[in-house]
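Chemist: The structure follows.
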Amino acid sequence: MLKLNVNGKPASLDADPEMPLLWAIREDLQLTGTKFGCGMALCGACTVHLDGKPVRSCSTPLSAATGKKVITIESVGNSKAGKAIQAAWVKHDVPQCGYCQSGQIMSATALLASNAKPSDKQIDEAMSGNICRCGTYNQIKAAIKDASVALSKGA
């Protein structure tokens, strides 16, 4: 049995330790907000937080998550940074098709949790591994900046 902490709740899984974390999250735990994109850690759709750091769950073995805190899109709004990002996403009407958005939000939240006032370059670097086929990059960047301002005001 592998012991995980997912979204603040303990979980025990009888699974292959080399299985990608993505499939444990989606199939075993039924948390389907984290999306499968490319399966090669190139698009960012499967991004989750592992001890606060953004990781690509499609290429992270389940064994790497044991004993660590896993946060998925389903609970990212429980943090100040996550709540600010989600509000800014709505304000700036970021999603179009929406498929990549959970990964985008997870990367943006990790950025603001570690750097409340990122520069344009830091935003570009943090978001560079997340691909949006709809091309909402300008709205994404505006939403991150807006969430940063909201956080600095204590929202």
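Chain labels follow the order of the structure tokens: the first chain is A, the next B, and so on; residue numbering restarts at 1 in every chain, and ligands are counted from 1 in their shown order.
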Do you know which residues are at most 9 Å from range 144-146 of chain A counting only C-alpha atoms, after dropping those on the same chain fewer than 4 positions away, and could you put them as a PyMOL selection string?

Modeler: chain A and resi 84-85+88-89+92+108-109+112+117-120+123+139-140+150-151

Chemist: Going by DSSP on the backbone, which bits of range 9-155 of chain A are alpha helix (DSSP H)? Write them as a PyMOL selection string, please.

Modeler: chain A and resi 21-23+62-65+80-91+101-114+120-127+137-152

Chemist: When you count only C-alpha atoms, which of these residues is closest to Ser63 in chain A: A:Ala45, A:Leu50, A:Asn130, A:Ser102?

Modeler: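 Nearest to Ser63 in chain A: A:Leu50.
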
Chemist: In terms of the shortest atom-to-atom distance over only C-alpha atoms, which of A:Ala113, A:Ala81, A:Ala64, A:Ala143 is closest to Asp93 in chain A?

Modeler: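 Residue with the minimum atom-to-atom distance to Asp93 in chain A: A:Ala143.
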
Chemist: I'd like the neighbourhood of Ile25 in chain A as a short mmCIF file (atom, residue, chain, number, x, y, z; two decimals) with C-alpha atoms, in the first residue's frame, where a residue qualifies if any of its atoms comes within 9 Å (using only C-alpha atoms), though same-chain residues fewer than 6 positions away should be ignored.

Modeler:
data_model
loop_
_atom_site.label_atom_id
_atom_site.label_comp_id
_atom_site.auth_asym_id
_atom_site.auth_seq_id
_atom_site.Cartn_x
_atom_site.Cartn_y
_atom_site.Cartn_z
CA VAL A 6 -3.98 14.36 -1.61
CA LEU A 31 -10.20 13.55 -9.18
CA THR A 32 -10.62 14.29 -12.87
CA THR A 34 -6.10 17.12 -13.70
CA SER A 57 1.91 14.17 -12.99
CA THR A 72 -4.73 19.13 -7.39
#

Chemist: Which of range 49-114 of chain A end up as strand (DSSP E or B) when DSSP is run on this backbone - answer as a list in words?

Modeler: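 Answer for range 49-114 of chain A restricted to strand (DSSP E or B) is His49, Leu50, Lys53, Pro54, Val55, Arg56, Pro61, Lys69, Val70 and Ile71 of chain A.
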
Chemist: Under the rule that only C-alpha atoms are counted, which of A:Leu13, A:Cys132, A:Asp28, A:Gly103 is the nearest residue to Cys46 in chain A?

Modeler: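 Counting only C-alpha atoms, the residue closest to Cys46 in chain A is A:Gly103.
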
Chemist: Suppose you want the space between CA of Leu22 in chain A and CA of Cys58 in chain A; what is it in Å?

Modeler: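 Pair CA of Leu22 in chain A / CA of Cys58 in chain A returns 5.1 Å.
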
Chemist: Excluding Gly52 in chain A and any residue of its chain fewer than 2 positions from it, enumerate the residues within 8 Å of it, using only C-alpha atoms, and give them as a CSV table (one decimal) with C-alpha atoms, in the first residue's frame.

Modeler:
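part.csv, written as the output of this step:
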chain,number,residue,atom,x,y,z
A,49,HIS,CA,1.7,20.5,-6.8
A,50,LEU,CA,4.0,18.1,-4.9
A,54,PRO,CA,4.6,22.2,-9.8
A,69,LYS,CA,1.6,16.6,-0.1
A,70,VAL,CA,-0.2,16.4,-3.4
A,71,ILE,CA,-2.5,19.3,-4.3
A,110,ALA,CA,2.9,27.8,-7.5

Chemist: Pick out the residues sitting within 12 Å of Cys97 in chain A, and hand them over as a VMD selection string; count only C-alpha atoms, and ignore anything fewer than 6 positions along from it in its own chain.

Modeler: chain A and resid 132 to 136

Chemist: Between A:Asp14, A:Leu4, A:Phe36, A:Lys80, single out the one closest to Lys153 in chain A, counting only C-alpha atoms.

Modeler: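 Among A:Asp14, A:Leu4, A:Phe36, A:Lys80, it is A:Lys80 that comes nearest to Lys153 in chain A.
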
Chemist: Between A:Gly82, A:Gly44, A:Gly8, A:Gly98, single out the one closest to Leu111 in chain A, counting only C-alpha atoms.

Modeler: A:Gly82

Chemist: One decimal, in Å: what's the spacing between CA of Lys91 in chain A and CA of Ala147 in chain A?

Modeler: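 Value for the CA of Lys91 in chain A-CA of Ala147 in chain A distance: 10.0 Å.
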